[in-house]
$ cat input-v6.cif   # mmCIF, C-alpha atoms
data_entry
loop_
_atom_site.label_atom_id
_atom_site.label_comp_id
_atom_site.auth_asym_id
_atom_site.auth_seq_id
_atom_site.Cartn_x
_atom_site.Cartn_y
_atom_site.Cartn_z
CA MET A 1 109.42 114.76 116.72
CA THR A 2 107.38 111.57 117.12
CA PRO A 3 109.86 108.67 117.02
CA ALA A 4 109.45 105.80 114.60
CA HIS A 5 109.18 102.30 116.07
CA PRO A 6 111.30 100.11 113.79
CA GLU A 7 110.74 97.00 115.88
CA ASP A 8 107.03 96.73 115.04
CA ARG A 9 105.84 99.77 113.07
CA THR A 10 108.00 99.91 109.97
CA GLY A 11 105.18 100.75 107.58
CA VAL A 12 104.60 104.05 105.82
CA VAL A 13 101.20 105.35 104.71
CA ILE A 14 100.72 107.93 101.98
CA VAL A 15 97.49 109.92 101.90
CA GLY A 16 97.26 111.78 98.65
CA SER A 17 96.45 112.22 95.00
CA VAL A 18 96.52 109.91 92.04
CA THR A 19 96.39 110.92 88.38
CA ALA A 20 96.82 109.69 84.87
CA ASP A 21 99.80 111.70 83.61
CA VAL A 22 99.64 112.95 80.03
CA THR A 23 103.15 114.15 79.19
CA THR A 24 104.52 115.81 76.07
CA PHE A 25 108.20 116.40 75.31
CA SER A 26 109.47 119.16 73.03
CA GLY A 27 112.58 121.22 72.43
CA ARG A 28 110.99 124.21 74.12
CA LEU A 29 107.68 125.10 75.68
CA PRO A 30 105.25 127.04 73.50
CA ALA A 31 104.70 130.76 74.04
CA ARG A 32 101.22 131.94 74.93
CA GLY A 33 98.86 131.20 72.05
CA GLU A 34 101.53 129.30 70.10
CA THR A 35 101.37 125.75 68.74
CA ILE A 36 104.61 123.81 68.31
CA LEU A 37 105.48 120.26 67.29
CA GLY A 38 106.61 117.92 70.05
CA ASP A 39 108.98 114.96 70.04
CA GLU A 40 107.27 112.39 72.27
CA PHE A 41 104.11 111.62 74.26
CA THR A 42 103.51 109.34 77.25
CA LEU A 43 100.52 108.26 79.35
CA MET A 44 101.25 106.74 82.75
CA LEU A 45 100.47 106.63 86.45
CA GLY A 46 101.12 109.87 88.34
CA GLY A 47 99.90 112.19 91.05
CA LYS A 48 102.09 113.29 93.95
CA GLY A 49 100.50 110.84 96.37
CA ALA A 50 100.71 107.84 94.05
CA ASN A 51 104.25 108.73 92.98
CA GLN A 52 105.40 108.92 96.58
CA ALA A 53 103.71 105.61 97.32
CA VAL A 54 105.47 103.97 94.36
CA ALA A 55 108.80 105.41 95.52
CA ALA A 56 108.29 104.14 99.06
CA GLY A 57 107.19 100.75 97.75
CA ARG A 58 110.21 100.45 95.48
CA SER A 59 112.45 101.36 98.40
CA GLY A 60 111.33 98.13 100.04
CA ALA A 61 109.13 99.67 102.73
CA ARG A 62 105.74 98.22 103.64
CA THR A 63 103.63 100.89 101.96
CA SER A 64 99.92 101.69 102.03
CA PHE A 65 98.07 104.28 99.98
CA VAL A 66 94.90 106.20 100.87
CA GLY A 67 93.20 108.01 98.02
CA CYS A 68 90.49 107.93 95.35
CA VAL A 69 90.46 106.76 91.74
CA GLY A 70 87.69 107.08 89.16
CA ASP A 71 85.77 104.24 87.53
CA ASP A 72 86.88 105.33 84.06
CA LEU A 73 89.37 103.91 81.56
CA PHE A 74 92.31 105.12 83.70
CA HIS A 75 91.27 103.01 86.70
CA ASP A 76 93.28 99.96 85.72
CA LEU A 77 96.33 102.06 84.87
CA VAL A 78 96.34 103.33 88.46
CA VAL A 79 95.66 100.02 90.18
CA GLU A 80 98.16 98.06 88.11
CA GLY A 81 100.90 100.67 88.56
CA LEU A 82 100.55 100.84 92.34
CA THR A 83 100.20 97.10 92.72
CA ALA A 84 103.34 96.48 90.68
CA ALA A 85 105.27 98.64 93.18
CA GLY A 86 104.05 96.51 96.07
CA VAL A 87 101.69 99.15 97.46
CA ASP A 88 98.76 97.99 99.61
CA LEU A 89 95.54 99.33 98.06
CA THR A 90 93.08 98.28 100.77
CA HIS A 91 92.27 101.97 101.33
CA LEU A 92 92.19 103.14 97.70
CA ARG A 93 88.53 103.94 96.99
CA THR A 94 86.95 103.77 93.52
CA VAL A 95 84.42 106.57 93.00
CA PRO A 96 82.04 107.35 90.12
CA GLY A 97 83.48 109.58 87.42
CA PRO A 98 86.90 110.33 85.94
CA THR A 99 90.29 109.75 87.52
CA GLY A 100 92.44 112.82 88.20
CA VAL A 101 94.55 113.97 85.25
CA ALA A 102 97.83 115.88 85.01
CA HIS A 103 99.01 117.54 81.81
CA ILE A 104 102.81 117.81 81.89
CA ARG A 105 105.03 119.57 79.37
CA VAL A 106 108.79 118.94 79.38
CA ASP A 107 111.39 120.87 77.39
CA ALA A 108 114.90 119.94 76.23
CA SER A 109 116.47 121.34 79.42
CA ALA A 110 114.38 118.85 81.49
CA GLN A 111 112.27 121.61 83.02
CA ASN A 112 108.51 121.15 83.13
CA ASP A 113 105.20 122.77 83.85
CA ILE A 114 102.10 120.95 85.04
CA VAL A 115 98.34 121.47 85.14
CA MET A 116 96.71 119.03 87.56
CA VAL A 117 92.92 118.49 87.50
CA PRO A 118 91.87 116.71 90.76
CA LEU A 119 88.57 115.08 89.62
CA ALA A 120 88.26 111.83 91.66
CA ASN A 121 90.78 113.13 94.20
CA ALA A 122 88.16 115.61 95.39
CA ALA A 123 86.13 112.68 96.77
CA LEU A 124 88.66 111.89 99.51
CA SER A 125 86.78 112.14 102.80
CA ALA A 126 87.48 112.44 106.51
CA ALA A 127 85.68 109.15 107.13
CA GLN A 128 87.90 107.33 104.62
CA ILE A 129 91.00 108.80 106.25
CA ASP A 130 89.87 107.93 109.77
CA GLU A 131 89.11 104.32 108.86
CA ALA A 132 92.40 103.86 107.03
CA LEU A 133 94.67 105.38 109.67
CA ALA A 134 92.97 103.52 112.51
CA ALA A 135 93.49 100.23 110.67
CA LEU A 136 97.11 100.98 109.75
CA ALA A 137 98.30 102.53 113.03
CA PRO A 138 99.49 99.27 114.67
CA THR A 139 102.00 98.59 111.86
CA THR A 140 102.74 102.10 110.54
CA SER A 141 105.04 104.75 112.00
CA VAL A 142 105.18 107.37 109.22
CA LEU A 143 102.42 109.29 107.46
CA LEU A 144 103.22 111.27 104.32
CA THR A 145 100.80 113.69 102.68
CA GLN A 146 100.78 116.55 100.15
CA LEU A 147 98.45 119.31 98.94
CA GLU A 148 96.87 117.87 95.77
CA THR A 149 93.91 116.59 97.79
CA PRO A 150 91.18 118.89 99.26
CA SER A 151 93.01 121.51 101.34
CA ALA A 152 90.28 121.47 103.97
CA LEU A 153 91.28 117.88 104.77
CA THR A 154 95.00 118.52 105.25
CA ALA A 155 94.68 119.53 108.89
CA HIS A 156 92.44 116.51 109.48
CA ILE A 157 94.98 114.15 107.92
CA THR A 158 97.91 115.49 109.92
CA ALA A 159 95.97 115.65 113.19
CA ARG A 160 94.82 112.04 112.85
CA GLY A 161 98.34 110.92 112.06
CA ARG A 162 99.60 112.67 115.18
CA GLU A 163 96.84 111.09 117.28
CA HIS A 164 97.96 107.65 116.10
CA GLY A 165 101.57 108.37 117.09
CA MET A 166 102.88 108.55 113.54
CA THR A 167 105.72 110.77 112.34
CA VAL A 168 103.78 113.19 110.14
CA ILE A 169 105.54 114.51 107.02
CA LEU A 170 103.97 117.23 104.86
CA ASP A 171 105.22 117.85 101.34
CA PRO A 172 103.55 121.27 100.84
CA ALA A 173 103.11 120.99 97.10
CA PRO A 174 101.52 122.64 95.33
CA ALA A 175 102.01 125.48 97.81
CA ALA A 176 98.78 126.72 99.34
CA GLU A 177 97.65 128.86 102.24
CA LEU A 178 97.16 126.68 105.32
CA ASP A 179 95.57 127.31 108.68
CA ALA A 180 98.21 128.25 111.26
CA GLU A 181 97.09 125.43 113.57
CA ILE A 182 98.18 122.74 111.13
CA TRP A 183 101.90 123.27 111.74
CA ARG A 184 101.64 121.95 115.29
CA SER A 185 100.66 118.50 114.02
CA ILE A 186 103.54 118.24 111.53
CA ASP A 187 106.84 116.63 112.48
CA ILE A 188 108.70 117.30 109.21
CA VAL A 189 107.88 119.71 106.38
CA THR A 190 109.68 119.30 103.04
CA PRO A 191 109.18 122.33 100.77
CA ASN A 192 111.39 123.22 97.83
CA GLU A 193 112.78 126.75 97.68
CA THR A 194 109.72 128.13 95.84
CA GLU A 195 107.24 126.59 98.26
CA ALA A 196 109.27 127.69 101.28
CA THR A 197 109.28 131.25 99.92
CA LEU A 198 105.54 131.34 99.24
CA ILE A 199 104.59 129.86 102.60
CA SER A 200 107.06 131.58 104.92
CA GLY A 201 107.33 134.92 103.12
CA ILE A 202 111.13 134.60 103.29
CA GLU A 203 112.79 134.56 99.87
CA VAL A 204 114.83 131.36 99.66
CA THR A 205 117.77 131.45 97.28
CA ASP A 206 120.57 129.67 99.15
CA ALA A 207 121.35 127.70 102.29
CA ALA A 208 121.42 130.73 104.57
CA SER A 209 117.98 131.96 103.49
CA ALA A 210 116.70 128.36 103.60
CA GLU A 211 117.79 128.18 107.22
CA ARG A 212 115.84 131.35 107.99
CA ALA A 213 112.75 129.91 106.33
CA GLY A 214 113.31 126.66 108.22
CA ARG A 215 113.41 128.60 111.48
CA TRP A 216 110.07 130.15 110.49
CA PHE A 217 108.51 126.70 110.17
CA LEU A 218 109.94 125.65 113.53
CA ALA A 219 108.49 128.77 115.12
CA GLN A 220 105.06 127.73 113.86
CA GLY A 221 105.38 124.40 115.68
CA VAL A 222 106.94 122.08 113.07
CA GLY A 223 109.50 119.60 114.43
CA ALA A 224 111.97 119.88 111.53
CA ALA A 225 112.18 121.53 108.11
CA VAL A 226 113.93 119.95 105.13
CA ILE A 227 114.14 122.55 102.38
CA THR A 228 115.31 121.26 99.02
CA LEU A 229 117.46 123.62 96.96
CA ALA A 230 117.78 121.74 93.65
CA GLY A 231 121.44 121.87 92.66
CA GLN A 232 122.45 123.18 96.09
CA GLY A 233 121.23 120.15 98.05
CA SER A 234 118.93 120.09 101.09
CA CYS A 235 118.95 122.37 104.11
CA VAL A 236 117.90 120.47 107.24
CA VAL A 237 116.76 122.68 110.11
CA THR A 238 115.98 121.33 113.58
CA ALA A 239 116.01 122.74 117.09
CA GLU A 240 119.58 121.44 117.38
CA GLY A 241 120.90 123.38 114.38
CA ALA A 242 121.04 123.51 110.59
CA SER A 243 123.09 121.59 108.04
CA VAL A 244 123.24 121.07 104.30
CA ILE A 245 123.17 117.65 102.66
CA PRO A 246 124.98 118.15 99.32
CA PRO A 247 123.38 117.06 96.04
CA PHE A 248 124.52 114.29 93.71
CA PRO A 249 125.29 115.83 90.29
CA VAL A 250 123.65 113.95 87.39
CA ASP A 251 122.64 114.67 83.80
CA ALA A 252 118.95 115.58 84.04
CA VAL A 253 116.47 114.35 81.43
CA ASP A 254 113.13 115.11 83.13
CA THR A 255 112.58 116.58 86.60
CA THR A 256 109.00 115.30 86.85
CA ALA A 257 108.50 113.32 90.10
CA ALA A 258 112.02 113.92 91.40
CA GLY A 259 110.51 115.53 94.49
CA ASP A 260 108.18 112.57 94.89
CA ALA A 261 111.07 110.11 94.72
CA TYR A 262 112.75 112.18 97.42
CA ALA A 263 109.66 112.30 99.63
CA GLY A 264 108.82 108.61 99.28
CA TYR A 265 112.34 107.50 100.14
CA LEU A 266 112.54 109.97 103.03
CA GLY A 267 109.36 108.61 104.60
CA ALA A 268 110.36 105.00 104.01
CA ALA A 269 113.82 105.51 105.53
CA LEU A 270 112.40 107.17 108.63
CA ALA A 271 109.88 104.34 109.03
CA SER A 272 112.76 101.87 109.02
CA GLY A 273 114.41 103.74 111.90
CA SER A 274 116.99 105.86 110.02
CA THR A 275 118.09 109.19 111.43
CA LEU A 276 116.81 112.29 109.66
CA ALA A 277 120.27 113.03 108.20
CA ASP A 278 120.66 109.50 106.84
CA ALA A 279 117.12 109.53 105.47
CA VAL A 280 117.80 112.82 103.66
CA ARG A 281 120.97 111.38 102.09
CA LEU A 282 119.04 108.38 100.79
CA ALA A 283 116.23 110.63 99.55
CA THR A 284 118.76 112.86 97.79
CA ALA A 285 120.17 109.89 95.90
CA ALA A 286 116.67 108.72 94.92
CA GLY A 287 115.74 112.18 93.66
CA ALA A 288 118.95 112.41 91.65
CA LEU A 289 118.29 109.08 89.95
CA ALA A 290 114.70 110.09 89.16
CA VAL A 291 115.75 113.03 86.98
CA THR A 292 117.82 110.76 84.74
CA LYS A 293 114.69 109.11 83.26
CA GLN A 294 111.57 110.37 81.53
CA GLY A 295 108.12 110.28 83.08
CA ALA A 296 106.76 110.17 86.60
CA SER A 297 106.32 106.61 87.89
CA PRO A 298 108.87 105.06 85.45
CA SER A 299 111.58 107.38 86.82
CA LEU A 300 111.06 106.38 90.45
CA PRO A 301 114.07 104.22 91.35
CA HIS A 302 114.22 100.79 92.94
CA ARG A 303 116.23 100.38 96.13
CA ALA A 304 118.91 98.23 94.47
CA ASP A 305 119.58 101.02 91.98
CA VAL A 306 119.77 103.64 94.71
CA ASP A 307 122.18 101.48 96.73
CA ALA A 308 124.36 100.92 93.66
CA PHE A 309 124.29 104.65 92.93
CA LEU A 310 125.50 105.42 96.46
CA THR A 311 128.13 102.70 96.39
CA ALA A 312 129.55 104.09 93.16
CA ARG A 313 130.18 107.37 94.99
CA THR A 314 132.68 106.29 97.56
CA ALA A 315 132.71 109.68 99.24
CA ALA A 316 129.07 109.96 100.25
CA PRO A 317 127.83 113.50 100.95
CA THR A 318 128.00 114.50 104.62
CA PRO A 319 126.17 117.36 106.32
CA ALA A 320 127.94 120.70 106.23
CA PRO A 321 127.19 123.62 108.58
CA VAL A 322 125.13 126.41 107.08
CA ALA A 323 127.32 129.47 106.52
CA SER A 324 126.35 132.37 108.69
#

$ encode --input "input-v6.cif" --output "structure tokens"
Amino acid sequence: MTPAHPEDRTGVVIVGSVTADVTTFSGRLPARGETILGDEFTLMLGGKGANQAVAAGRSGARTSFVGCVGDDLFHDLVVEGLTAAGVDLTHLRTVPGPTGVAHIRVDASAQNDIVMVPLANAALSAAQIDEALAALAPTTSVLLTQLETPSALTAHITARGREHGMTVILDPAPAAELDAEIWRSIDIVTPNETEATLISGIEVTDAASAERAGRWFLAQGVGAAVITLAGQGSCVVTAEGASVIPPFPVDAVDTTAAGDAYAGYLGAALASGSTLADAVRLATAAGALAVTKQGASPSLPHRADVDAFLTARTAAPTPAPVAS
């Protein structure tokens, strides 16, 4: 795994999507063809890339974002939201047409479903990526990307990150078929159990099956796999072995962006020089806090809140061996 350089390269760069999130809340989700009355509606900054950038920015890391936003009425919503989180927008490009949109539905159990329409995100280009990463490389040690941008560019993003000596983290969401060569340029992959199942072909239901899926990723050339298992915690698989970082139980309100809080804090912690195990613990706490609030960007926690959350739990979770 490419080491971070905390003495001079503590920055993290997120290459990814940005959307305006249209979210409805209701007691249950409608059946096919059914109309129901909801309880609440919100409109706010979202997109996996932007959410992860906000999370990293709120963690206190020097954070840069590479992506595309439209020149429509949602433009200012995006720029203001990212700027408020302290994210550098030098490499956010405004393109003609509408900003990406996500339609999110949340039920009373805090579960959700999402339809994401890329729109401006489809304009992300190899040239934009190359320019941004070359400029950021001297001060940035971690690159984080996802799969809501054009899939043809994913291999380009990860390869350029590797060329610049960055620790490359792929959050493979939404799960998609990827060229086999891409895995060799990824240091850490962070799928949830569903994504790990779809990509590896190994059904992931618990820590033992997560370890098997993790071993599949390592066999493809990935440096480490961190497979999130919701209420069961995270299974961390490296060449040295496998362990489980336990979850932090909380009362969930909305799971939207919990994975993005996790990813952003993971990347930021690694950029600061944390070990993978410590970074996963911090990310786990951030993800837990995120589900206690409604919405995407509003639920992404600030570092002071995450630290207070951890302090309140005097017995912090420690890695446990995966049962054979």

$ atom_distance --input "input-v6.cif" --atom1 "CA of His103 in chain A" --atom2 "CA of Gln294 in chain A"
14.5 Å

$ atom_distance --input "input-v6.cif" --atom1 "CA of Gly221 in chain A" --atom2 "CA of Trp183 in chain A"
5.4 Å

$ closest_atom_pairs --input "input-v6.cif" --of "range 275-323 of chain A" --to "range 225-234 of chain A" --cutoff "10 Å" --atoms "only C-alpha atoms" --output "CSV"
residue,atom,partner,partner_atom,distance
A:Leu276,CA,A:Val226,CA,9.4
A:Ala277,CA,A:Val226,CA,9.9
A:Val280,CA,A:Ser234,CA,7.8
A:Arg281,CA,A:Ser234,CA,9.0
A:Ala283,CA,A:Ser234,CA,10.0
A:Thr284,CA,A:Gly233,CA,7.7
A:Gly287,CA,A:Ala230,CA,9.8
A:Ala288,CA,A:Ala230,CA,9.6
A:Pro317,CA,A:Gly233,CA,9.8
A:Pro319,CA,A:Ser234,CA,9.3

$ resolve_selection --input "input-v6.cif" --expression "the PyMOL selection byres ((chain A and resi 60-66) around 9)" --output "PyMOL selection string"
chain A and resi 10-17+49-50+53-59+67-68+82+86-93+124+128-129+132-133+136+140+265+268-269+271-272+302-303

$ resolve_selection --input "input-v6.cif" --expression "the PyMOL selection byres ((chain A and resi 238) around 7)" --output "PyMOL selection string"
chain A and resi 223-225+236-237+239-242

$ resolve_selection --input "input-v6.cif" --expression "the PyMOL selection byres ((chain A and resi 191) around 8)" --output "PyMOL selection string"
chain A and resi 171-173+189-190+192-196+225-228

$ closest_residue --input "input-v6.cif" --among "A:Ser151, A:Thr292, A:Thr83, A:Asn121" --to "Thr19 in chain A" --atoms "all atoms listed in the file"
A:Asn121

$ atom_distance --input "input-v6.cif" --atom1 "CA of Asp130 in chain A" --atom2 "CA of Arg160 in chain A"
7.1 Å

$ closest_residue --input "input-v6.cif" --among "A:Leu178, A:Val79, A:Val95, A:Val253" --to "Phe25 in chain A" --atoms "only C-alpha atoms"
A:Val253

$ closest_residue --input "input-v6.cif" --among "A:Gly201, A:Gly97, A:Pro249, A:Pro174" --to "Leu289 in chain A" --atoms "all atoms listed in the file"
A:Pro249

$ closest_residue --input "input-v6.cif" --among "A:Gly70, A:Pro96, A:Asp107, A:Ala261" --to "Leu37 in chain A" --atoms "all atoms listed in the file"
A:Asp107

$ closest_residue --input "input-v6.cif" --among "A:Leu300, A:Ala135, A:Ala20, A:Ala285" --to "Ala312 in chain A" --atoms "all atoms listed in the file"
A:Ala285
